[in-house]
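Participant: This is the content of upload04.tsv (TSV, C-alpha atoms and all ligand atoms):
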```
chain	number	residue	atom	x	y	z
A	1	MET	CA	1.01	-0.18	-5.99
A	2	THR	CA	-1.65	2.02	-4.40
A	3	GLY	CA	-1.29	4.60	-1.62
A	4	LYS	CA	-3.94	2.74	0.33
A	5	VAL	CA	-3.46	0.65	3.45
A	6	GLY	CA	-3.89	-3.14	3.29
A	7	LEU	CA	-4.97	-4.73	6.57
A	8	PHE	CA	-4.62	-8.52	6.88
A	9	TYR	CA	-6.01	-10.41	9.87
A	10	GLY	CA	-6.95	-13.91	10.98
A	11	THR	CA	-9.40	-14.92	13.69
A	12	ASP	CA	-10.79	-18.03	15.37
A	13	THR	CA	-13.58	-16.58	17.50
A	14	GLY	CA	-14.12	-13.14	15.97
A	15	ASN	CA	-12.25	-10.81	18.34
A	16	THR	CA	-9.47	-9.95	15.92
A	17	GLU	CA	-11.98	-9.30	13.16
A	18	ARG	CA	-13.79	-6.78	15.36
A	19	VAL	CA	-10.53	-5.03	16.24
A	20	ALA	CA	-9.59	-4.99	12.53
A	21	GLU	CA	-12.88	-3.26	11.70
A	22	LEU	CA	-12.33	-0.76	14.52
A	23	ILE	CA	-8.84	0.04	13.21
A	24	LYS	CA	-10.26	0.53	9.70
A	25	GLU	CA	-12.98	2.83	11.03
A	26	LYS	CA	-10.60	4.99	13.09
A	27	LEU	CA	-7.93	5.06	10.39
A	28	GLU	CA	-10.40	6.11	7.70
A	29	GLU	CA	-11.55	8.95	9.95
A	30	LYS	CA	-7.96	10.22	9.64
A	31	ILE	CA	-6.97	9.38	6.06
A	32	GLY	CA	-10.30	9.17	4.24
A	33	GLU	CA	-13.15	6.82	3.48
A	34	GLY	CA	-12.22	3.82	1.36
A	35	GLN	CA	-8.48	4.10	2.08
A	36	VAL	CA	-8.19	0.84	4.06
A	37	ASP	CA	-8.73	-2.56	2.40
A	38	VAL	CA	-9.36	-5.39	4.86
A	39	TYR	CA	-8.49	-9.02	4.10
A	40	ASP	CA	-9.14	-12.18	6.10
A	41	VAL	CA	-5.96	-14.23	5.51
A	42	ALA	CA	-8.15	-17.31	5.22
A	43	THR	CA	-9.09	-16.05	1.74
A	44	ALA	CA	-6.11	-13.79	0.88
A	45	SER	CA	-3.35	-14.56	-1.61
A	46	PRO	CA	0.35	-13.62	-1.37
A	47	GLU	CA	-0.13	-11.26	-4.36
A	48	ASP	CA	-2.59	-9.19	-2.30
A	49	PHE	CA	0.36	-7.91	-0.26
A	50	ASP	CA	2.12	-6.63	-3.40
A	51	LYS	CA	-0.57	-3.98	-3.90
A	52	TYR	CA	0.28	-2.00	-0.76
A	53	GLN	CA	3.13	0.11	0.54
A	54	TYR	CA	1.39	0.43	3.94
A	55	ILE	CA	0.42	-2.80	5.62
A	56	ILE	CA	-1.23	-3.73	8.91
A	57	LEU	CA	-1.02	-7.33	10.15
A	58	GLY	CA	-3.29	-8.67	12.93
A	59	GLN	CA	-3.30	-11.98	14.68
A	60	PRO	CA	-4.38	-13.55	18.03
A	61	THR	CA	-2.22	-16.16	19.75
A	62	TRP	CA	-3.74	-19.59	20.36
A	63	TYR	CA	-2.92	-22.81	22.23
A	64	TYR	CA	0.13	-21.82	24.26
A	65	GLY	CA	2.05	-19.63	21.88
A	66	GLU	CA	0.79	-20.93	18.52
A	67	LEU	CA	-0.23	-19.06	15.37
A	68	GLN	CA	-3.96	-18.58	14.74
A	69	SER	CA	-5.20	-21.36	12.41
A	70	SER	CA	-5.67	-19.44	9.14
A	71	TRP	CA	-2.32	-17.64	9.62
A	72	ASP	CA	-0.79	-21.04	10.28
A	73	GLU	CA	-2.11	-22.35	6.95
A	74	PHE	CA	-0.93	-19.21	5.16
A	75	TRP	CA	2.49	-19.21	6.86
A	76	ASP	CA	4.63	-20.76	4.08
A	77	ASP	CA	3.25	-18.22	1.60
A	78	PHE	CA	3.64	-15.39	4.11
A	79	LYS	CA	7.33	-16.19	4.51
A	80	LYS	CA	7.77	-15.60	0.77
A	81	VAL	CA	6.21	-12.11	0.75
A	82	ASP	CA	8.73	-9.38	-0.08
A	83	PHE	CA	8.21	-6.46	2.32
A	84	THR	CA	11.09	-4.36	1.00
A	85	GLY	CA	10.20	-0.65	1.07
A	86	LYS	CA	6.92	-1.26	2.94
A	87	LYS	CA	5.92	0.15	6.29
A	88	VAL	CA	4.33	-2.56	8.39
A	89	ALA	CA	2.38	-2.20	11.65
A	90	CYS	CA	1.35	-5.27	13.67
A	91	PHE	CA	-1.42	-5.80	16.18
A	92	GLY	CA	-2.02	-8.84	18.32
A	93	LEU	CA	-4.70	-10.24	20.61
A	94	GLY	CA	-4.05	-12.40	23.63
A	95	ASP	CA	-4.86	-13.07	27.28
A	96	GLN	CA	-2.18	-11.83	29.70
A	97	ALA	CA	-3.60	-13.66	32.74
A	98	ASP	CA	-4.51	-17.13	31.49
A	99	TYR	CA	-1.64	-17.37	28.98
A	100	SER	CA	0.90	-15.25	30.80
A	101	GLU	CA	3.91	-17.26	29.57
A	102	TYR	CA	2.88	-16.90	25.92
A	103	PHE	CA	1.27	-13.48	25.77
A	104	LEU	CA	0.93	-12.37	22.12
A	105	ASP	CA	3.66	-14.73	20.90
A	106	ALA	CA	2.09	-14.99	17.43
A	107	MET	CA	2.34	-11.22	16.93
A	108	GLY	CA	6.06	-11.51	17.63
A	109	MET	CA	6.51	-14.29	15.09
A	110	MET	CA	4.56	-12.35	12.45
A	111	HIS	CA	6.57	-9.17	13.06
A	112	ASP	CA	9.86	-11.07	12.81
A	113	VAL	CA	9.01	-12.58	9.41
A	114	ALA	CA	7.98	-9.18	8.02
A	115	VAL	CA	11.21	-7.55	9.25
A	116	GLU	CA	13.34	-10.41	7.98
A	117	ASN	CA	11.69	-9.92	4.58
A	118	GLY	CA	12.53	-6.22	4.44
A	119	ALA	CA	9.69	-4.42	6.27
A	120	GLU	CA	10.22	-1.16	8.08
A	121	PRO	CA	8.26	-1.79	11.30
A	122	VAL	CA	6.10	0.93	12.86
A	123	GLY	CA	3.55	1.01	15.69
A	124	TYR	CA	5.60	-0.29	18.62
A	125	TRP	CA	3.57	0.00	21.80
A	126	PRO	CA	4.61	0.43	25.48
A	127	THR	CA	4.40	-2.63	27.77
A	128	ASP	CA	3.29	-0.38	30.67
A	129	GLY	CA	-0.19	-1.28	31.82
A	130	TYR	CA	0.09	-5.02	31.09
A	131	GLU	CA	1.09	-7.85	33.44
A	132	PHE	CA	2.52	-11.03	31.99
A	133	ASP	CA	5.47	-13.38	32.50
A	134	ALA	CA	6.85	-13.84	28.99
A	135	SER	CA	6.19	-12.84	25.39
A	136	LYS	CA	7.87	-13.27	22.02
A	137	ALA	CA	6.33	-9.93	21.04
A	138	VAL	CA	8.51	-7.61	23.14
A	139	THR	CA	11.66	-5.66	22.29
A	140	GLU	CA	14.93	-6.77	23.89
A	141	ASP	CA	14.74	-4.13	26.63
A	142	GLY	CA	11.17	-5.19	27.46
A	143	GLU	CA	9.90	-1.65	27.10
A	144	PHE	CA	7.75	-2.17	24.01
A	145	PHE	CA	5.58	-4.67	22.25
A	146	VAL	CA	6.41	-4.91	18.55
A	147	GLY	CA	2.86	-3.81	17.79
A	148	LEU	CA	-0.45	-2.90	19.39
A	149	ALA	CA	-1.34	-5.26	22.27
A	150	ILE	CA	-5.05	-5.94	22.74
A	151	ASP	CA	-6.49	-8.11	25.51
A	152	GLU	CA	-10.20	-8.68	24.99
A	153	ASP	CA	-10.28	-11.25	27.81
A	154	GLN	CA	-8.82	-9.18	30.66
A	155	GLN	CA	-8.97	-5.53	29.55
A	156	PRO	CA	-11.77	-5.14	26.98
A	157	GLU	CA	-12.69	-1.73	28.37
A	158	LEU	CA	-9.31	-0.37	27.22
A	159	THR	CA	-9.51	-1.57	23.62
A	160	GLU	CA	-11.19	1.39	21.99
A	161	GLU	CA	-8.87	3.98	23.53
A	162	ARG	CA	-5.81	1.86	22.74
A	163	VAL	CA	-6.88	1.54	19.11
A	164	SER	CA	-7.51	5.30	18.84
A	165	GLN	CA	-4.09	6.20	20.21
A	166	TRP	CA	-2.31	3.61	18.12
A	167	VAL	CA	-4.02	4.71	14.93
A	168	ASP	CA	-2.83	8.28	15.56
A	169	GLN	CA	0.67	6.91	16.13
A	170	ILE	CA	0.84	4.85	12.93
A	171	VAL	CA	-0.61	7.68	10.84
A	172	GLU	CA	2.40	9.72	11.99
A	173	GLU	CA	4.95	6.94	11.66
A	174	MET	CA	3.73	5.82	8.24
A	175	GLY	CA	3.68	9.42	7.10
A	176	LEU	CA	0.00	9.28	6.14
A	177	ALA	CA	-0.95	12.52	7.91
B	201	LIG	C1	-7.59	-22.39	24.19
B	201	LIG	C2	-7.04	-20.99	24.14
B	201	LIG	C3	-5.67	-20.81	24.02
B	201	LIG	C4	-5.11	-19.52	24.03
B	201	LIG	N1	-3.75	-19.35	23.99
B	201	LIG	C5	-3.23	-18.10	24.10
B	201	LIG	C6	-1.81	-17.90	24.16
B	201	LIG	O1	-1.01	-18.83	24.11
B	201	LIG	N2	-1.34	-16.63	24.29
B	201	LIG	C7	-2.18	-15.54	24.37
B	201	LIG	O2	-1.70	-14.41	24.50
B	201	LIG	N3	-3.54	-15.71	24.30
B	201	LIG	C8	-4.08	-16.94	24.18
B	201	LIG	N4	-5.44	-17.11	24.13
B	201	LIG	C9	-6.32	-15.91	24.14
B	201	LIG	C10	-6.79	-15.52	22.73
B	201	LIG	O3	-5.71	-15.06	21.96
B	201	LIG	C11	-7.82	-14.38	22.85
B	201	LIG	O4	-8.99	-14.89	23.45
B	201	LIG	C12	-8.16	-13.69	21.54
B	201	LIG	O5	-8.95	-12.55	21.81
B	201	LIG	C13	-8.87	-14.58	20.55
B	201	LIG	O6	-8.95	-13.91	19.31
B	201	LIG	P1	-9.90	-14.39	18.11
B	201	LIG	O7	-11.34	-14.31	18.62
B	201	LIG	O8	-9.66	-13.40	17.03
B	201	LIG	O9	-9.54	-15.77	17.72
B	201	LIG	C14	-5.99	-18.39	24.12
B	201	LIG	C15	-7.37	-18.60	24.21
B	201	LIG	C16	-7.90	-19.87	24.25
B	201	LIG	C17	-9.39	-20.03	24.39
```
Would you write out, as structure tokens, the structure that this file holds?
Facilitator:
Amino acid sequence: MTGKVGLFYGTDTGNTERVAELIKEKLEEKIGEGQVDVYDVATASPEDFDKYQYIILGQPTWYYGELQSSWDEFWDDFKKVDFTGKKVACFGLGDQADYSEYFLDAMGMMHDVAVENGAEPVGYWPTDGYEFDASKAVTEDGEFFVGLAIDEDQQPELTEERVSQWVDQIVEEMGLA
């Protein structure tokens, strides 16, 4: 196992890929060039997860609370990944206005599988500053999302600052500083 970070994402229309690249860029500014390996889950294998102690998982929500298509295809394999002893940070993309009843649901599902399979979750993010009706990606008290919440449809101007802050947070919480 390496000390590097493995980032796994899926995307339908490219937004999550761009956010993944932004996370890599900002994270490597903090922990060093070449320290973040990025995988599109469409071409990843379950063994790829075994190489990393620090993992970032990214996924948009599609079609009223569904998994993104390549994550959906990968899902049976994903459920078999052993996350014991690994620190895992999630990020999700969604649209809080047009899909307000299902905001970021897929991030919640992804987080829950990782935790069930032994992950220590990091990178919880305040729900302040978002307006939505329901989400499977919030903590019981409603105070936090279970990972970074990005809304490229309604709040694209906030994305870069959110990513910067969150990267600082996970560097601390993963103990990578
Ligand atoms: C048909 C359609 C369905 C969507 N369903 C949801 C949803 O249920 N929940 C949500 O939070 N966002 C939903 N979205 C918003 C997408 O998650 C958002 O546009 C995201 O940035 C797309 O990421 P991608 O380009 O990586 O695929 C939907 C968007 C479209 C066009």
Participant: Would you mind reading off the distance between CA of Val36 in chain A and CA of Glu160 in chain A, one decimal, in Å?
Facilitator: 18.2 Å
Participant: For the interface of chain A with ligand LIG 201 (chain B) (cut-off 9 Å, counting all atoms listed in the file), please tabulate each contacting residue of chain A alongside its nearest pair of atoms and their separation in Å to one decimal, rows sorted by chain and increasing number, as CSV.
Facilitator:
```
residue,atom,partner,partner_atom,distance
A:Tyr9,CA,B:LIG201,O8,8.6
A:Gly10,CA,B:LIG201,O8,6.6
A:Thr11,CA,B:LIG201,O8,3.7
A:Asp12,CA,B:LIG201,O9,3.5
A:Thr13,CA,B:LIG201,O7,3.4
A:Gly14,CA,B:LIG201,O7,4.0
A:Asn15,CA,B:LIG201,O7,3.6
A:Thr16,CA,B:LIG201,O8,3.6
A:Glu17,CA,B:LIG201,O8,6.1
A:Arg18,CA,B:LIG201,O8,8.0
A:Val19,CA,B:LIG201,O8,8.5
A:Gly58,CA,B:LIG201,O8,8.9
A:Gln59,CA,B:LIG201,O8,6.9
A:Pro60,CA,B:LIG201,O3,4.4
A:Thr61,CA,B:LIG201,O3,4.3
A:Trp62,CA,B:LIG201,N1,3.6
A:Tyr63,CA,B:LIG201,C3,3.8
A:Tyr64,CA,B:LIG201,O1,3.2
A:Gly65,CA,B:LIG201,O1,3.9
A:Glu66,CA,B:LIG201,O1,6.2
A:Leu67,CA,B:LIG201,O1,8.8
A:Gln68,CA,B:LIG201,O9,6.9
A:Ser69,CA,B:LIG201,O9,8.8
A:Gly92,CA,B:LIG201,O3,8.1
A:Leu93,CA,B:LIG201,C12,5.0
A:Gly94,CA,B:LIG201,O2,3.2
A:Asp95,CA,B:LIG201,N3,4.2
A:Gln96,CA,B:LIG201,O2,5.8
A:Ala97,CA,B:LIG201,O2,8.5
A:Asp98,CA,B:LIG201,C8,7.3
A:Tyr99,CA,B:LIG201,N2,4.8
A:Ser100,CA,B:LIG201,O2,6.9
A:Glu101,CA,B:LIG201,N2,7.5
A:Tyr102,CA,B:LIG201,N2,4.5
A:Phe103,CA,B:LIG201,O2,3.4
A:Leu104,CA,B:LIG201,O2,4.1
A:Asp105,CA,B:LIG201,N2,6.3
A:Ala106,CA,B:LIG201,N2,7.8
A:Ser135,CA,B:LIG201,O2,8.1
A:Ile150,CA,B:LIG201,O5,7.7
A:Asp151,CA,B:LIG201,O5,6.3
A:Glu152,CA,B:LIG201,O5,5.2
A:Asp153,CA,B:LIG201,O4,5.8
```
Participant: Any idea what's packed within 7 Å of Ile56 in chain A, counting only C-alpha atoms, ignoring anything in its chain fewer than 4 positions away? Could you give it as a PyMOL selection string?
Facilitator: chain A and resi 6-8+88-90
Participant: I need every residue sitting at most 12 Å from the point (6.3, -6.9, 25.9) (coordinates as in the file, all atoms listed in the file considered), written as a ChimeraX atom specification.
Facilitator: /A:92,94,96,100-105,107-108,124-150
Participant: Keeping C-alpha atoms, export the residues of the selection given above as a PDB file, in the frame of the given file.
Facilitator:
```
ATOM      1  CA  GLY A  92      -2.020  -8.840  18.320  1.00  0.00           C
ATOM      2  CA  GLY A  94      -4.050 -12.400  23.630  1.00  0.00           C
ATOM      3  CA  GLN A  96      -2.180 -11.830  29.700  1.00  0.00           C
ATOM      4  CA  SER A 100       0.900 -15.250  30.800  1.00  0.00           C
ATOM      5  CA  GLU A 101       3.910 -17.260  29.570  1.00  0.00           C
ATOM      6  CA  TYR A 102       2.880 -16.900  25.920  1.00  0.00           C
ATOM      7  CA  PHE A 103       1.270 -13.480  25.770  1.00  0.00           C
ATOM      8  CA  LEU A 104       0.930 -12.370  22.120  1.00  0.00           C
ATOM      9  CA  ASP A 105       3.660 -14.730  20.900  1.00  0.00           C
ATOM     10  CA  MET A 107       2.340 -11.220  16.930  1.00  0.00           C
ATOM     11  CA  GLY A 108       6.060 -11.510  17.630  1.00  0.00           C
ATOM     12  CA  TYR A 124       5.600  -0.290  18.620  1.00  0.00           C
ATOM     13  CA  TRP A 125       3.570   0.000  21.800  1.00  0.00           C
ATOM     14  CA  PRO A 126       4.610   0.430  25.480  1.00  0.00           C
ATOM     15  CA  THR A 127       4.400  -2.630  27.770  1.00  0.00           C
ATOM     16  CA  ASP A 128       3.290  -0.380  30.670  1.00  0.00           C
ATOM     17  CA  GLY A 129      -0.190  -1.280  31.820  1.00  0.00           C
ATOM     18  CA  TYR A 130       0.090  -5.020  31.090  1.00  0.00           C
ATOM     19  CA  GLU A 131       1.090  -7.850  33.440  1.00  0.00           C
ATOM     20  CA  PHE A 132       2.520 -11.030  31.990  1.00  0.00           C
ATOM     21  CA  ASP A 133       5.470 -13.380  32.500  1.00  0.00           C
ATOM     22  CA  ALA A 134       6.850 -13.840  28.990  1.00  0.00           C
ATOM     23  CA  SER A 135       6.190 -12.840  25.390  1.00  0.00           C
ATOM     24  CA  LYS A 136       7.870 -13.270  22.020  1.00  0.00           C
ATOM     25  CA  ALA A 137       6.330  -9.930  21.040  1.00  0.00           C
ATOM     26  CA  VAL A 138       8.510  -7.610  23.140  1.00  0.00           C
ATOM     27  CA  THR A 139      11.660  -5.660  22.290  1.00  0.00           C
ATOM     28  CA  GLU A 140      14.930  -6.770  23.890  1.00  0.00           C
ATOM     29  CA  ASP A 141      14.740  -4.130  26.630  1.00  0.00           C
ATOM     30  CA  GLY A 142      11.170  -5.190  27.460  1.00  0.00           C
ATOM     31  CA  GLU A 143       9.900  -1.650  27.100  1.00  0.00           C
ATOM     32  CA  PHE A 144       7.750  -2.170  24.010  1.00  0.00           C
ATOM     33  CA  PHE A 145       5.580  -4.670  22.250  1.00  0.00           C
ATOM     34  CA  VAL A 146       6.410  -4.910  18.550  1.00  0.00           C
ATOM     35  CA  GLY A 147       2.860  -3.810  17.790  1.00  0.00           C
ATOM     36  CA  LEU A 148      -0.450  -2.900  19.390  1.00  0.00           C
ATOM     37  CA  ALA A 149      -1.340  -5.260  22.270  1.00  0.00           C
ATOM     38  CA  ILE A 150      -5.050  -5.940  22.740  1.00  0.00           C
TER      39      ILE A 150
END
```
Participant: Within 10 Å of Val171 in chain A, counting all atoms listed in the file, which residues show up once you throw out same-chain ones fewer than 4 positions away? Write them as an mmCIF file with C-alpha atoms, in the frame of the given file, please.
Facilitator:
```cif
data_model
loop_
_atom_site.group_PDB
_atom_site.id
_atom_site.type_symbol
_atom_site.label_atom_id
_atom_site.label_comp_id
_atom_site.auth_asym_id
_atom_site.auth_seq_id
_atom_site.Cartn_x
_atom_site.Cartn_y
_atom_site.Cartn_z
ATOM 1 C CA LEU A 27 -7.930 5.060 10.390
ATOM 2 C CA LYS A 30 -7.960 10.220 9.640
ATOM 3 C CA ILE A 31 -6.970 9.380 6.060
ATOM 4 C CA VAL A 122 6.100 0.930 12.860
ATOM 5 C CA GLY A 123 3.550 1.010 15.690
ATOM 6 C CA TRP A 166 -2.310 3.610 18.120
ATOM 7 C CA VAL A 167 -4.020 4.710 14.930
ATOM 8 C CA GLY A 175 3.680 9.420 7.100
ATOM 9 C CA LEU A 176 0.000 9.280 6.140
ATOM 10 C CA ALA A 177 -0.950 12.520 7.910
#
```
Participant: Report the distance between CA of Asp82 in chain A and CA of Ala119 in chain A in Å, rounded to one decimal place.
Facilitator: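 Separation of CA of Asp82 in chain A and CA of Ala119 in chain A: 8.1 Å.
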Participant: One decimal, Å: what's the distance from CA of Lys86 in chain A over to CA of Gln35 in chain A, could you say?
Facilitator: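 The value is 16.3 Å.
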Participant: Just want the 12 Å neighbourhood of Asn117 in chain A, counted on only C-alpha atoms, with same-chain residues fewer than 5 positions away dropped. Output as a VMD selection string.
Facilitator: chain A and resid 78 to 88 110 to 112
Participant: Given 4 Å of margin on each side, can you work out the centre and size in Å (one decimal) of an axis-aligned box holding every listed atom of range 20-32 of chain A, as lines of an AutoDock Vina configuration file?
Facilitator:
```
center_x = -10.0
center_y = 2.6
center_z = 9.4
size_x = 14.0
size_y = 23.2
size_z = 18.3
```
Participant: Using all atoms listed in the file, which of the listed residues (A:Ile170, A:Tyr52, A:Val5, A:Glu116) sits closest to Asp37 in chain A?
Facilitator: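 So, comparing all the options, the nearest one is A:Val5.
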Participant: Counting only C-alpha atoms, figure out which residue out of A:Asp48, A:Gly118, A:Phe91, A:Glu161 gets nearest to Ala20 in chain A.
Facilitator: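 That would be A:Phe91, the residue with the smallest distance to Ala20 in chain A.
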